[in-house]
$ cat query.txt   # compact mmCIF, C-alpha atoms
# COMPACT_ATOMS: atom_id res chain seq x y z
CA MET V 227 73.86 126.25 72.24
CA ALA V 228 74.70 123.02 70.54
CA ASN V 229 78.22 124.23 69.72
CA ALA V 230 78.74 125.40 73.27
CA ASP V 231 77.76 121.95 74.52
CA ILE V 232 80.24 120.31 72.19
CA ALA V 233 82.98 122.70 73.29
CA LEU V 234 82.36 121.69 76.89
CA VAL V 235 83.33 118.11 76.24
CA ARG V 236 86.35 118.78 74.04
CA PRO V 237 89.62 117.27 75.29
CA GLY V 238 91.10 119.38 78.02
CA ALA V 239 87.74 120.62 79.29
CA ARG V 240 86.46 117.25 80.52
CA ARG V 241 88.53 114.19 80.18
CA GLU V 242 88.39 110.72 81.59
CA VAL V 243 91.28 110.44 84.00
CA VAL V 244 90.81 106.71 84.39
CA PRO V 245 88.33 104.30 82.78
CA SER V 246 85.25 103.92 84.97
CA GLY V 247 85.46 100.14 84.71
CA LEU V 248 89.00 100.19 86.07
CA LEU V 249 88.16 102.55 88.93
CA GLY V 250 85.15 100.40 89.87
CA MET V 251 87.32 97.29 89.81
CA VAL V 252 90.01 98.94 91.95
CA ILE V 253 87.42 99.85 94.59
CA PHE V 254 85.95 96.33 94.44
CA VAL V 255 89.40 94.80 94.81
CA GLY V 256 89.90 97.03 97.87
CA THR V 257 86.85 95.48 99.52
CA GLU V 258 88.09 92.02 98.57
CA VAL V 259 91.47 92.76 100.16
CA MET V 260 89.66 93.62 103.39
CA PHE V 261 87.62 90.42 103.13
CA PHE V 262 90.77 88.31 102.90
CA ALA V 263 92.42 90.40 105.61
CA GLY V 264 89.52 89.50 107.90
CA LEU V 265 89.90 85.79 107.14
CA ILE V 266 93.66 85.86 107.64
CA SER V 267 93.23 87.85 110.85
CA ALA V 268 90.83 85.25 112.27
CA PHE V 269 93.23 82.49 111.22
CA THR V 270 96.23 84.20 112.84
CA ILE V 271 94.46 84.86 116.15
CA SER V 272 93.02 81.35 116.34
CA LYS V 273 96.36 79.78 115.53
CA ALA V 274 98.17 81.90 118.10
CA GLY V 275 95.63 80.99 120.75
CA ALA V 276 95.45 77.26 120.07
CA PRO V 277 97.61 74.75 121.94
CA ARG V 278 100.52 73.65 119.75
CA ASP V 279 99.41 70.03 119.50
CA ALA V 280 95.83 71.02 118.70
CA TRP V 281 96.67 72.93 115.51
CA ASN V 282 96.99 69.91 113.25
CA LEU V 283 95.21 68.05 110.53
CA PRO V 284 93.67 64.68 111.46
CA ALA V 285 95.59 61.41 111.16
CA GLY V 286 98.97 63.12 110.91
CA GLN V 287 98.20 64.68 107.56
CA VAL V 288 100.12 67.78 106.49
CA LEU V 289 99.26 70.43 103.94
CA PRO V 290 100.98 69.78 100.58
CA LEU V 291 103.67 72.45 100.65
CA ALA V 292 105.76 71.29 97.68
CA SER V 293 103.00 70.59 95.19
CA THR V 294 101.32 73.88 96.10
CA ALA V 295 104.62 75.63 95.35
CA VAL V 296 104.40 74.19 91.82
CA ASN V 297 100.81 75.46 91.55
CA THR V 298 102.03 78.86 92.69
CA VAL V 299 104.56 78.93 89.85
CA ALA V 300 101.72 78.26 87.39
CA LEU V 301 99.73 81.13 88.88
CA PHE V 302 102.67 83.53 88.67
CA ALA V 303 103.30 82.45 85.07
CA SER V 304 99.69 83.28 84.29
CA GLY V 305 100.06 86.74 85.85
CA ALA V 306 103.26 87.43 83.91
CA LEU V 307 101.68 86.28 80.64
CA LEU V 308 98.69 88.53 81.24
CA TRP V 309 101.03 91.47 81.75
CA VAL V 310 102.72 90.65 78.43
CA ALA V 311 99.32 90.28 76.75
CA GLY V 312 98.40 93.76 78.01
CA ARG V 313 101.51 95.24 76.46
CA GLN V 314 100.88 93.43 73.19
CA TYR V 315 97.29 94.64 73.17
CA ARG V 316 98.40 98.25 73.59
CA ALA V 317 100.89 97.76 70.76
CA ARG V 318 98.05 96.30 68.66
CA SER V 319 99.97 93.09 68.22
CA SER V 320 97.99 90.11 67.01
CA ALA V 321 100.03 87.93 69.37
CA ALA V 322 97.97 89.30 72.28
CA THR V 323 95.26 86.70 71.62
CA GLN V 324 97.66 83.77 71.99
CA THR V 325 99.38 85.26 75.03
CA LEU V 326 96.04 85.89 76.72
CA ALA V 327 95.00 82.31 75.96
CA ALA V 328 98.25 81.07 77.52
CA ALA V 329 97.57 83.18 80.62
CA ILE V 330 94.11 81.64 80.90
CA PHE V 331 95.61 78.17 80.45
CA PHE V 332 98.07 78.59 83.32
CA GLY V 333 95.38 80.10 85.52
CA THR V 334 93.10 77.17 84.82
CA LEU V 335 95.99 74.80 85.49
CA PHE V 336 96.44 76.38 88.93
CA VAL V 337 92.77 75.92 89.81
CA MET V 338 92.75 72.32 88.57
CA LEU V 339 95.93 71.39 90.47
CA GLN V 340 94.49 72.95 93.60
CA GLY V 341 91.33 70.92 93.07
CA ARG V 342 93.39 67.75 92.76
CA GLU V 343 95.04 68.54 96.10
CA TRP V 344 91.66 69.03 97.70
CA VAL V 345 90.49 65.65 96.44
CA GLY V 346 93.58 64.05 97.98
CA LEU V 347 93.06 65.81 101.33
CA ILE V 348 89.38 64.94 101.48
CA GLY V 349 90.30 61.34 100.67
CA HIS V 350 92.54 61.34 103.75
CA GLY V 351 89.77 62.59 105.99
CA VAL V 352 90.63 66.27 106.03
CA THR V 353 87.30 68.07 105.94
CA LEU V 354 85.76 71.31 107.11
CA ARG V 355 84.74 69.65 110.37
CA SER V 356 87.80 67.53 111.01
CA SER V 357 89.83 70.28 112.73
CA ALA V 358 90.10 74.03 113.09
CA LEU V 359 93.06 74.10 110.70
CA GLY V 360 91.09 72.08 108.15
CA ALA V 361 88.14 74.46 108.43
CA PHE V 362 90.30 77.55 107.97
CA PHE V 363 92.18 75.90 105.11
CA TYR V 364 89.06 75.10 103.12
CA VAL V 365 87.40 78.45 103.79
CA ILE V 366 90.41 80.63 102.90
CA VAL V 367 91.82 78.59 100.03
CA GLY V 368 88.33 77.81 98.74
CA THR V 369 87.37 81.47 98.73
CA HIS V 370 90.52 82.24 96.77
CA ALA V 371 89.64 79.49 94.29
CA VAL V 372 86.17 80.98 93.79
CA HIS V 373 87.79 84.33 93.01
CA ALA V 374 90.21 82.65 90.62
CA VAL V 375 87.36 80.96 88.74
CA ALA V 376 85.43 84.24 88.50
CA ALA V 377 88.52 86.06 87.23
CA LEU V 378 89.19 83.32 84.69
CA ALA V 379 85.64 83.68 83.42
CA GLY V 380 86.29 87.41 82.96
CA LEU V 381 89.54 86.69 81.16
CA GLY V 382 87.69 84.22 78.94
CA VAL V 383 85.20 86.91 77.97
CA ALA V 384 88.10 89.29 77.28
CA TRP V 385 89.77 86.69 75.07
CA TRP V 386 86.54 86.09 73.17
CA ARG V 387 86.04 89.81 72.59
CA LEU V 388 89.67 90.26 71.60
CA ARG V 389 89.29 87.57 68.96
CA ALA V 390 86.16 89.28 67.67
CA GLY V 391 87.89 92.69 67.68
CA ARG V 392 85.41 94.09 70.22
CA LEU V 393 87.55 94.25 73.37
CA SER V 394 87.52 97.68 75.00
CA TYR V 395 90.58 98.73 76.92
CA GLY V 396 88.51 99.60 79.99
CA PHE V 397 87.13 96.06 80.22
CA PHE V 398 90.54 94.53 79.67
CA LEU V 399 92.08 96.71 82.39
CA GLY V 400 89.28 95.68 84.75
CA VAL V 401 89.75 91.93 84.35
CA GLN V 402 93.52 92.37 84.39
CA THR V 403 93.27 94.16 87.72
CA PHE V 404 91.09 91.40 89.17
CA TRP V 405 93.46 88.68 88.01
CA TYR V 406 96.48 90.52 89.42
CA PHE V 407 94.63 90.67 92.73
CA VAL V 408 94.06 86.89 92.60
CA VAL V 409 97.74 86.33 91.78
CA LEU V 410 99.17 88.72 94.37
CA ILE V 411 96.95 87.72 97.30
CA TRP V 412 97.93 84.07 96.86
CA PRO V 413 101.51 84.28 98.24
CA VAL V 414 100.09 85.87 101.40
CA ILE V 415 97.61 83.02 101.80
CA TYR V 416 100.23 80.41 100.97
CA ALA V 417 102.76 81.80 103.44
CA ARG V 418 100.21 82.22 106.22
CA VAL V 419 98.10 79.07 105.92
CA TYR V 420 100.52 76.45 104.62
CA PHE V 421 103.50 77.21 106.89
CA MET F 56 47.28 101.13 133.85
CA ARG F 57 50.45 103.24 133.60
CA GLU F 58 51.65 101.84 136.93
CA SER F 59 51.23 98.25 135.76
CA ILE F 60 53.22 98.98 132.58
CA SER F 61 56.08 100.56 134.47
CA ARG F 62 56.03 97.67 136.94
CA ARG F 63 56.28 95.27 134.01
CA VAL F 64 59.19 97.21 132.52
CA VAL F 65 61.01 97.15 135.83
CA SER F 66 60.46 93.42 136.31
CA ILE F 67 61.54 92.58 132.73
CA THR F 68 64.67 94.75 133.05
CA ALA F 69 65.52 93.17 136.39
CA SER F 70 65.13 89.65 135.03
CA LEU F 71 67.24 90.50 131.94
CA LEU F 72 69.98 91.93 134.14
CA THR F 73 69.88 88.83 136.34
CA GLY F 74 70.08 86.48 133.39
CA ALA F 75 72.69 88.42 131.41
CA PRO F 76 76.20 86.96 131.23
CA GLY F 77 78.99 88.56 133.21
CA SER F 78 80.81 89.48 130.02
CA ALA F 79 79.57 89.67 126.45
CA LEU F 80 82.06 88.68 123.77
CA ALA F 81 81.71 90.37 120.43
CA CYS F 82 83.65 87.88 118.35
CA PRO F 83 84.01 84.11 118.34
CA VAL F 84 87.68 84.17 119.25
CA CYS F 85 87.44 86.73 122.06
CA ALA F 86 87.28 83.89 124.59
CA LEU F 87 90.94 83.26 123.86
CA VAL F 88 92.00 86.66 125.18
CA GLY F 89 94.20 86.38 128.22
CA THR F 90 94.04 82.61 128.28
CA SER F 91 96.92 82.08 125.91
CA ASN F 92 99.88 83.75 124.34
CA ASN F 93 98.01 85.47 121.54
CA THR F 94 98.02 89.08 122.66
CA TRP F 95 100.56 89.93 119.96
CA ALA F 96 98.25 88.40 117.34
CA TYR F 97 95.35 90.56 118.52
CA GLN F 98 97.43 93.69 118.45
CA ALA F 99 99.03 92.96 115.08
CA MET F 100 95.74 92.04 113.42
CA SER F 101 93.96 95.05 114.93
CA ALA F 102 96.68 97.28 113.54
CA MET F 103 96.48 95.58 110.15
CA LEU F 104 92.69 95.84 109.91
CA THR F 105 92.82 99.48 110.96
CA LEU F 106 95.67 100.64 108.76
CA LEU F 107 95.03 98.57 105.64
CA PRO F 108 91.81 100.34 104.52
CA LEU F 109 93.33 103.73 105.27
CA ALA F 110 96.40 102.84 103.24
CA MET F 111 94.28 101.62 100.33
CA VAL F 112 92.05 104.70 100.27
CA GLY F 113 95.15 106.89 100.50
CA ALA F 114 96.82 105.00 97.66
CA ILE F 115 93.76 105.32 95.40
CA VAL F 116 93.42 109.04 96.09
CA TRP F 117 97.14 109.56 95.46
CA TRP F 118 96.95 107.57 92.22
CA LEU F 119 93.93 109.52 90.92
CA THR F 120 95.48 112.84 91.91
CA ARG F 121 98.68 111.93 90.11
CA LEU F 122 96.81 110.90 86.97
CA ALA F 123 94.74 114.08 86.97
CA ALA F 124 97.79 116.28 87.54
CA ARG F 125 99.77 114.68 84.75
CA GLY F 126 99.37 117.11 81.83
CA GLY F 127 97.17 115.28 79.40
CA THR F 128 97.04 112.07 81.46
CA ALA F 129 99.14 110.88 78.59
CA SER F 130 99.55 107.23 79.29
CA VAL F 131 96.01 106.35 80.32
CA GLU F 132 94.39 108.52 77.69
CA ALA F 133 96.59 107.22 74.91
CA ASP F 134 95.74 103.73 76.04
CA LEU F 135 92.07 104.61 76.04
CA GLN F 136 92.18 105.71 72.44
CA VAL F 137 93.27 102.22 71.47
CA GLY F 138 89.97 100.89 72.73
CA LEU F 139 87.89 103.81 71.56
CA GLY F 140 88.69 103.57 67.92
CA GLY F 141 91.91 105.31 67.04
CA PRO F 142 94.26 108.16 67.73
CA GLU F 143 92.10 110.94 66.22
CA GLY F 144 91.18 112.11 69.71
CA PRO F 145 88.64 111.15 72.30
CA PRO F 146 85.17 110.91 70.81
CA LEU F 147 82.45 113.27 71.95
CA ARG F 148 80.02 111.68 74.32
CA ILE F 149 76.75 112.47 76.05
CA ASN F 150 76.55 116.16 75.13
CA GLU F 151 77.34 115.47 71.50
CA ARG F 152 74.24 113.29 71.23
CA ARG F 153 72.20 116.02 72.88
CA ALA F 154 73.59 118.60 70.45
CA SER F 155 72.82 116.51 67.40
CA ALA F 156 69.28 115.94 68.67
CA GLU F 157 68.80 119.68 68.96
$ encode --input "query.txt" --output "structure tokens"
Amino acid sequence: MANADIALVRPGARREVVPSGLLGMVIFVGTEVMFFAGLISAFTISKAGAPRDAWNLPAGQVLPLASTAVNTVALFASGALLWVAGRQYRARSSAATQTLAAAIFFGTLFVMLQGREWVGLIGHGVTLRSSALGAFFYVIVGTHAVHAVAALAGLGVAWWRLRAGRLSYGFFLGVQTFWYFVVLIWPVIYARVYF
Amino acid sequence: MRESISRRVVSITASLLTGAPGSALACPVCALVGTSNNTWAYQAMSAMLTLLPLAMVGAIVWWLTRLAARGGTASVEADLQVGLGGPEGPPLRINERRASAE
């Protein structure tokens, strides 16, 4: 009986097609995509319905297109570095730890630069209640920032485990997937909200 | 007694119908419909919100089917072994523990 049980779980009889952690993360990311789709949909309909001169920030302020483009480069660099770190991890290269740390650094840089922009905008009177555009801006970009911080925390845990030699591939794939979501949803938000 | 209850129901229903708005809007931006040039936005966003989940579910199902159909799910499984302790083969799991207990 015991042998029969063992035979049932031998490779080929039952195998894990995809790590459960990764599948769970993919489904979660799917719900998050719909969440952002809802926000962007509301933004698009409100913008299309608003009079042209009413869709502005107060006191002639404009959203910081150029500096946000620089932040976007930092975010993309982080995504690319994470991809490299994944390859190094699979190749059992010790450089994966440094590359992952660099990815976390650029991700953190993105969040901090975004925060600096927010401080500047708030200083110029752009708040949640100052205009419809301001409200949408803070809700959509702020929600993205919350996701970025959560993903960075996950990457931090992955880095810590990698250093300790306890990082499972399923966990790493999960946080990688979440960070790629944060990176790839950003251009959509940037193109839709800032322009 | 029953008559007074039914009379009450009729009067409450009548007063609700009298006080109800001419049109009930299900979303905060519905008031904009027809008053501005945003019909295209409604249609485009409705299409996006309808098709996006279907596309995602379809993509996930296709991805899983492809992985399962791929002989030994070579790439994912080989990757898994990195995290599970080496290339000797996938370790036995739940049933192995049961077998050793027996």
$ closest_residue --input "query.txt" --among "V:Leu399, V:Ala417, V:Ala295, V:Ala390" --to "chain F" --atoms "all atoms listed in the file"
V:Leu399
$ atom_distance --input "query.txt" --atom1 "CA of Leu359 (chain V)" --atom2 "CA of Val409 (chain V)"
23.0 Å
$ residues_around --input "query.txt" --residues "Ile253 (chain V)" --least-positions-apart "5" --cutoff "10 Å" --atoms "all atoms listed in the file" --output "PyMOL selection string"
(chain V and resi 248+258-259) or (chain F and resi 111-112+115)
$ residues_around --input "query.txt" --residues "Ala99 (chain F)" --least-positions-apart "5" --cutoff "12 Å" --atoms "all atoms listed in the file" --output "PyMOL selection string"
(chain V and resi 263+266-268+270-271+274) or (chain F and resi 93-94+104-107)
$ atom_distance --input "query.txt" --atom1 "CA of Ser272 (chain V)" --atom2 "CA of Arg355 (chain V)"
15.5 Å
$ atom_distance --input "query.txt" --atom1 "CA of Arg316 (chain V)" --atom2 "CA of Gly380 (chain V)"
18.8 Å
$ build_atoms --input "query.txt" --residues "region 352-364 of chain V" --atoms "N, CA and C atoms" --output "PDB file, keeping the file's coordinate frame"
ATOM      1  N   VAL V 352      90.539  64.865 105.658  1.00  0.00           N
ATOM      2  CA  VAL V 352      90.630  66.270 106.030  1.00  0.00           C
ATOM      3  C   VAL V 352      89.405  66.996 105.475  1.00  0.00           C
ATOM      4  N   THR V 353      88.513  67.383 106.374  1.00  0.00           N
ATOM      5  CA  THR V 353      87.300  68.070 105.940  1.00  0.00           C
ATOM      6  C   THR V 353      87.131  69.359 106.725  1.00  0.00           C
ATOM      7  N   LEU V 354      86.054  70.057 106.403  1.00  0.00           N
ATOM      8  CA  LEU V 354      85.760  71.310 107.110  1.00  0.00           C
ATOM      9  C   LEU V 354      85.592  71.082 108.611  1.00  0.00           C
ATOM     10  N   ARG V 355      85.076  69.899 108.973  1.00  0.00           N
ATOM     11  CA  ARG V 355      84.740  69.650 110.370  1.00  0.00           C
ATOM     12  C   ARG V 355      85.786  68.813 111.086  1.00  0.00           C
ATOM     13  N   SER V 356      86.842  68.436 110.382  1.00  0.00           N
ATOM     14  CA  SER V 356      87.800  67.530 111.010  1.00  0.00           C
ATOM     15  C   SER V 356      88.702  68.238 112.019  1.00  0.00           C
ATOM     16  N   SER V 357      88.994  69.514 111.791  1.00  0.00           N
ATOM     17  CA  SER V 357      89.830  70.280 112.730  1.00  0.00           C
ATOM     18  C   SER V 357      89.707  71.764 112.399  1.00  0.00           C
ATOM     19  N   ALA V 358      90.160  72.581 113.334  1.00  0.00           N
ATOM     20  CA  ALA V 358      90.100  74.030 113.090  1.00  0.00           C
ATOM     21  C   ALA V 358      90.977  74.419 111.905  1.00  0.00           C
ATOM     22  N   LEU V 359      92.161  73.798 111.823  1.00  0.00           N
ATOM     23  CA  LEU V 359      93.060  74.100 110.700  1.00  0.00           C
ATOM     24  C   LEU V 359      92.408  73.709 109.376  1.00  0.00           C
ATOM     25  N   GLY V 360      91.778  72.534 109.368  1.00  0.00           N
ATOM     26  CA  GLY V 360      91.090  72.080 108.150  1.00  0.00           C
ATOM     27  C   GLY V 360      89.994  73.061 107.739  1.00  0.00           C
ATOM     28  N   ALA V 361      89.237  73.526 108.738  1.00  0.00           N
ATOM     29  CA  ALA V 361      88.140  74.460 108.430  1.00  0.00           C
ATOM     30  C   ALA V 361      88.683  75.755 107.843  1.00  0.00           C
ATOM     31  N   PHE V 362      89.713  76.302 108.493  1.00  0.00           N
ATOM     32  CA  PHE V 362      90.300  77.550 107.970  1.00  0.00           C
ATOM     33  C   PHE V 362      90.886  77.325 106.587  1.00  0.00           C
ATOM     34  N   PHE V 363      91.555  76.193 106.406  1.00  0.00           N
ATOM     35  CA  PHE V 363      92.180  75.900 105.110  1.00  0.00           C
ATOM     36  C   PHE V 363      91.139  75.914 103.993  1.00  0.00           C
ATOM     37  N   TYR V 364      90.056  75.185 104.192  1.00  0.00           N
ATOM     38  CA  TYR V 364      89.060  75.100 103.120  1.00  0.00           C
ATOM     39  C   TYR V 364      88.361  76.436 102.884  1.00  0.00           C
TER      40      TYR V 364
END
